[in-house]
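Notes follow once the structure below has been shown.
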Amino acid sequence: MKKENLSLAQRDQKHLWHPLTQHKTSGKMLPIVKAMGASLFDDKGKEYIDGIASWYTAVYGHCNKKITQRVAAQMQQLDQVVFSGFTHAPAIELSEALINILPNNQQKLFFSDNGSTATEIGIKMALQYHHNQGNDRKVMLAFEEGFHGDTFGAMSVSGLSVYNGAFEEHFIEVVRLAVPMGNNNREVLEQLRDLISKYNIAGFIYEPLVQGAAGMKMHDAEGLNTILKVCKQNNIITIADEVMTGFGKTGKNFASEYLETSPDIICMSKALTAGLLPMAITSCTQAIFDAFYSEDISKGLFHGHTYTANPLACTAALAGLELLTSKEIQQDIKRVMESHQQFGQRIKDHSKVKNLRQLGVIIAFELDVEMERYGDLRNQLFAHFMENGVFLRPLGSTIYISAPYIISKVELEKIYSAIEAALEKF
Ligand SMILES: *Cc1c(COP(=O)(O)O)cnc(C)c1O
């Protein structure tokens with residue numbers, strides 16, 4: 001058959017291999033032809049509210065003109081240049097704007113391409129920080145059930161075995177700590193002290209307050225505070241993976257702002273470039289940078305990606321930061337938070353709503369039904385939402401919303417109604 005006679009979904013199947021997909025059981029991919037504001041449109045013209053801001057990236061809305069116009073202008077001026085030996089205004093302006101809103105102790109920014117490389121670089125900074133000083137510290141500490149990406153270092157510190165199983169023998173050395181939930185903080189602290197006494201721990205990587213891929217699990221700020229303090233006392237480099245939580249999702253610019261102790265290193269991606277272009281940044285303190293600053297060339301951080309600090313991506317990030325710090329977007333974030341609180345009141349006493357939780361614009365709960373009755377509950381939930389014109393990606397029985405901040409009241413109500421319909425249907 002000629003190409004013109006095949007649908008996009010059919011042509012997709014010929015050469016494309018999709019992420020996190022078992023192609024034998026997944027069925028066809030849905031072609032999306034347009035995205036605008038909080039909406040996606042498929043090739044039949046059907047509209048879906050993007051309830052997860054396309055994996056938490058497009059927080060200011062899709063195809064936001066304030067961002068696309070800036071990037072279009074930058075495209076006419078400087079598209080790409082090597083960032084080793086050269087520099088450019090978009091990267092410099094972005095560094096100034098970002099340092100302005102990061103926790104006070106952050107001083108230096110290292111660019112890469114995605115969340116996995118951002119955490120990979122954070123891990124390498126922690127390991128080489130100790131190596132450069134002659135410390136024998138080679139073990140990383142991470143939370144159980146954390147997720148930090150799909151490259152080898154990032155996989156090693158992640159706790160999700162569906163993704164990692166085939167590669168476990170090749171991992172860097174990692175020890176795991178239980179997540180502090182308030183009622184177990186004392187045990188977690190004991191476990192931490194025990195691990196520190198047994199292993200030479202170089203760094204601790206964690207998703208602050210919300211573990212995204214684990215199912216938007218939220219933990220105790222007090223408990224995390226204590227862990228961070230003990231890490232600092234023991235010269236363990238703390239790495240906050242804010243790839244998901246960064247740029248307003250928790251109601252503050254960074255989740256780390258809820259904590260007393262600022263991390264040594266912060267990993268950023270996803271909403272950093274507002275859903276327009278892929279880029280990541282790993283920021284660190286002056287003390288981390290100084291451990292690499294030497295007459296000895298081998299003490300430098302010899303890590304680099306071809307598209308490091310791409311001027312177009314930097315421009316998208318800069319325009320995104322201007323939006324984030326604007327009155328309008330800050331009001332939008334508050335509005336969405338309040339709206340979720342009211343929705344929480346509406347469903348909290350429903351018999352099928354378990355572990356209802358909210359931080360900032362993220363609201364989540366487990367659908368409490370007999371899983372055995374639904375062999376593939378997650379897929380049936382997904383299909384239910386899509387039929388109702390709502391794009392949500394349940395994680396197992398966890399249903400969560402993390403929509404663009406600019407989502408309208410009517411669009412939010414459409415998501416809420418689809419969830420309430422699911423509570424009746426399943
Ligand atoms: C998504 C995510 C990553 C990985 O980012 P990619 O861009 O998918 O490589 C790492 N850490 C956290 C917390 C994430 O949510």
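In the structure tokens, each chain is lettered A, B, ... as it comes, each chain's residues begin at 1, and ligands are numbered from 1 in order of appearance.
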May I have the residues within 7 Å of range 70-79 of chain A as a list in words, using only C-alpha atoms and disregarding those fewer than 5 positions away in the same chain?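 The residues that qualify are Pro311, Leu312, Thr315 and Ala316 of chain A.
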Include all heavy atoms and write out the residues we just selected as a compact mmCIF listing (two decimals), in the first residue's frame.
```txt
# COMPACT_ATOMS: atom_id res chain seq x y z
N PRO A 311 21.73 27.47 22.65
CA PRO A 311 21.16 28.83 22.82
C PRO A 311 19.63 28.87 22.72
O PRO A 311 19.00 29.69 23.40
CB PRO A 311 21.80 29.63 21.68
CG PRO A 311 23.07 28.90 21.37
CD PRO A 311 22.79 27.46 21.61
N LEU A 312 19.06 28.01 21.89
CA LEU A 312 17.59 28.00 21.76
C LEU A 312 16.94 27.48 23.05
O LEU A 312 15.97 28.04 23.55
CB LEU A 312 17.15 27.15 20.56
CG LEU A 312 17.81 27.51 19.23
CD1 LEU A 312 17.30 26.60 18.13
CD2 LEU A 312 17.57 28.97 18.87
N THR A 315 17.20 30.02 25.74
CA THR A 315 16.21 31.09 25.54
C THR A 315 14.83 30.65 26.01
O THR A 315 14.11 31.42 26.66
CB THR A 315 16.18 31.51 24.06
OG1 THR A 315 17.50 31.92 23.68
CG2 THR A 315 15.21 32.65 23.83
N ALA A 316 14.47 29.41 25.71
CA ALA A 316 13.18 28.87 26.17
C ALA A 316 13.15 28.89 27.71
O ALA A 316 12.15 29.27 28.32
CB ALA A 316 12.96 27.46 25.65
```
Around ligand 1, out to 10 Å and counting only C-alpha atoms and all ligand atoms, which residues are there? I want them as a PyMOL selection string. chain A and resi 19+55-57+113-120+146-151+154-155+158+206-208+210-214+216+240-246+267-270+278-280
Restricted to C-alpha atoms, what would the selected residues look like written as a PDB file, in the first residue's frame?
```
ATOM      1  CA  PRO A  19       9.807   4.611  25.243  1.00  0.00           C
ATOM      2  CA  TRP A  55       5.261  14.688  31.779  1.00  0.00           C
ATOM      3  CA  TYR A  56       5.382  17.899  33.858  1.00  0.00           C
ATOM      4  CA  THR A  57       7.111  19.976  31.170  1.00  0.00           C
ATOM      5  CA  ASP A 113      20.271  17.404  27.898  1.00  0.00           C
ATOM      6  CA  ASN A 114      17.711  15.632  30.107  1.00  0.00           C
ATOM      7  CA  GLY A 115      16.814  14.615  33.639  1.00  0.00           C
ATOM      8  CA  SER A 116      18.877  11.426  33.551  1.00  0.00           C
ATOM      9  CA  THR A 117      22.042  13.270  32.528  1.00  0.00           C
ATOM     10  CA  ALA A 118      21.335  15.912  35.190  1.00  0.00           C
ATOM     11  CA  THR A 119      21.324  13.258  37.937  1.00  0.00           C
ATOM     12  CA  GLU A 120      24.196  11.331  36.333  1.00  0.00           C
ATOM     13  CA  GLY A 146      13.165   6.664  44.070  1.00  0.00           C
ATOM     14  CA  PHE A 147      13.394   7.407  40.363  1.00  0.00           C
ATOM     15  CA  HIS A 148      16.311   9.345  38.904  1.00  0.00           C
ATOM     16  CA  GLY A 149      16.411   8.362  35.227  1.00  0.00           C
ATOM     17  CA  ASP A 150      17.410   5.649  32.768  1.00  0.00           C
ATOM     18  CA  THR A 151      21.185   6.000  32.220  1.00  0.00           C
ATOM     19  CA  ALA A 154      20.687   7.163  37.360  1.00  0.00           C
ATOM     20  CA  MET A 155      19.273   3.615  37.084  1.00  0.00           C
ATOM     21  CA  SER A 158      16.607   4.328  41.227  1.00  0.00           C
ATOM     22  CA  TYR A 206      16.690  12.080  46.733  1.00  0.00           C
ATOM     23  CA  GLU A 207      13.519  13.485  45.220  1.00  0.00           C
ATOM     24  CA  PRO A 208      12.575  16.181  47.763  1.00  0.00           C
ATOM     25  CA  VAL A 210       7.456  14.005  46.257  1.00  0.00           C
ATOM     26  CA  GLN A 211       8.611  10.762  44.604  1.00  0.00           C
ATOM     27  CA  GLY A 212       7.111  11.145  41.131  1.00  0.00           C
ATOM     28  CA  ALA A 213       7.498   7.843  39.309  1.00  0.00           C
ATOM     29  CA  ALA A 214       6.884   5.881  42.531  1.00  0.00           C
ATOM     30  CA  MET A 216       3.463  10.765  43.519  1.00  0.00           C
ATOM     31  CA  ALA A 240      18.234  17.096  45.350  1.00  0.00           C
ATOM     32  CA  ASP A 241      16.676  15.647  42.199  1.00  0.00           C
ATOM     33  CA  GLU A 242      14.199  18.438  41.408  1.00  0.00           C
ATOM     34  CA  VAL A 243      13.689  17.271  37.821  1.00  0.00           C
ATOM     35  CA  MET A 244       9.974  16.732  38.519  1.00  0.00           C
ATOM     36  CA  THR A 245       9.394  19.000  41.558  1.00  0.00           C
ATOM     37  CA  GLY A 246      11.205  22.090  40.230  1.00  0.00           C
ATOM     38  CA  CYS A 267      19.198  18.558  39.315  1.00  0.00           C
ATOM     39  CA  MET A 268      16.744  20.331  37.003  1.00  0.00           C
ATOM     40  CA  SER A 269      15.055  19.490  33.701  1.00  0.00           C
ATOM     41  CA  LYS A 270      11.429  18.888  32.557  1.00  0.00           C
ATOM     42  CA  PRO A 278      15.107  19.331  25.915  1.00  0.00           C
ATOM     43  CA  MET A 279      17.747  20.632  28.334  1.00  0.00           C
ATOM     44  CA  ALA A 280      18.919  20.053  31.901  1.00  0.00           C
TER      45      ALA A 280
END
```
Considering only strand (DSSP E) as DSSP defines it on the backbone, what residues of range 141-266 of chain A qualify? List them as a list in words.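 Result set for range 141-266 of chain A (strand (DSSP E)): Leu141, Ala142, Phe143, Val174, Val175, Arg176, Leu177, Ile201, Ala202, Gly203, Phe204, Ile205, Tyr206, Val210, Gln211, Lys217, Met218, Ile237, Thr238, Ile239, Ala240, Asp241, Ile265 and Ile266 of chain A.
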Near Asn355 in chain A, within 12 Å and counting only C-alpha atoms, which residues show up once chain neighbours fewer than 6 positions away are dropped, as a list in words? Gly215, Met216, Lys217, Met218, Gly344, Ile347, Lys348, Asp349, Ile363, Ala364, Phe365, Glu366, Leu367, Asp368, Ser397, Thr398, Ile399 and Tyr400 of chain A
Under the rule that only C-alpha atoms are counted, which of A:Gly45, A:Gly85, A:Pro180, A:Gly275 is the nearest residue to Pro31 in chain A? A:Gly45
How far is it from CA of Ser112 in chain A to CA of Ala313 in chain A, in Å with one decimal?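 Interatomic distance, CA of Ser112 in chain A to CA of Ala313 in chain A: 10.7 Å.
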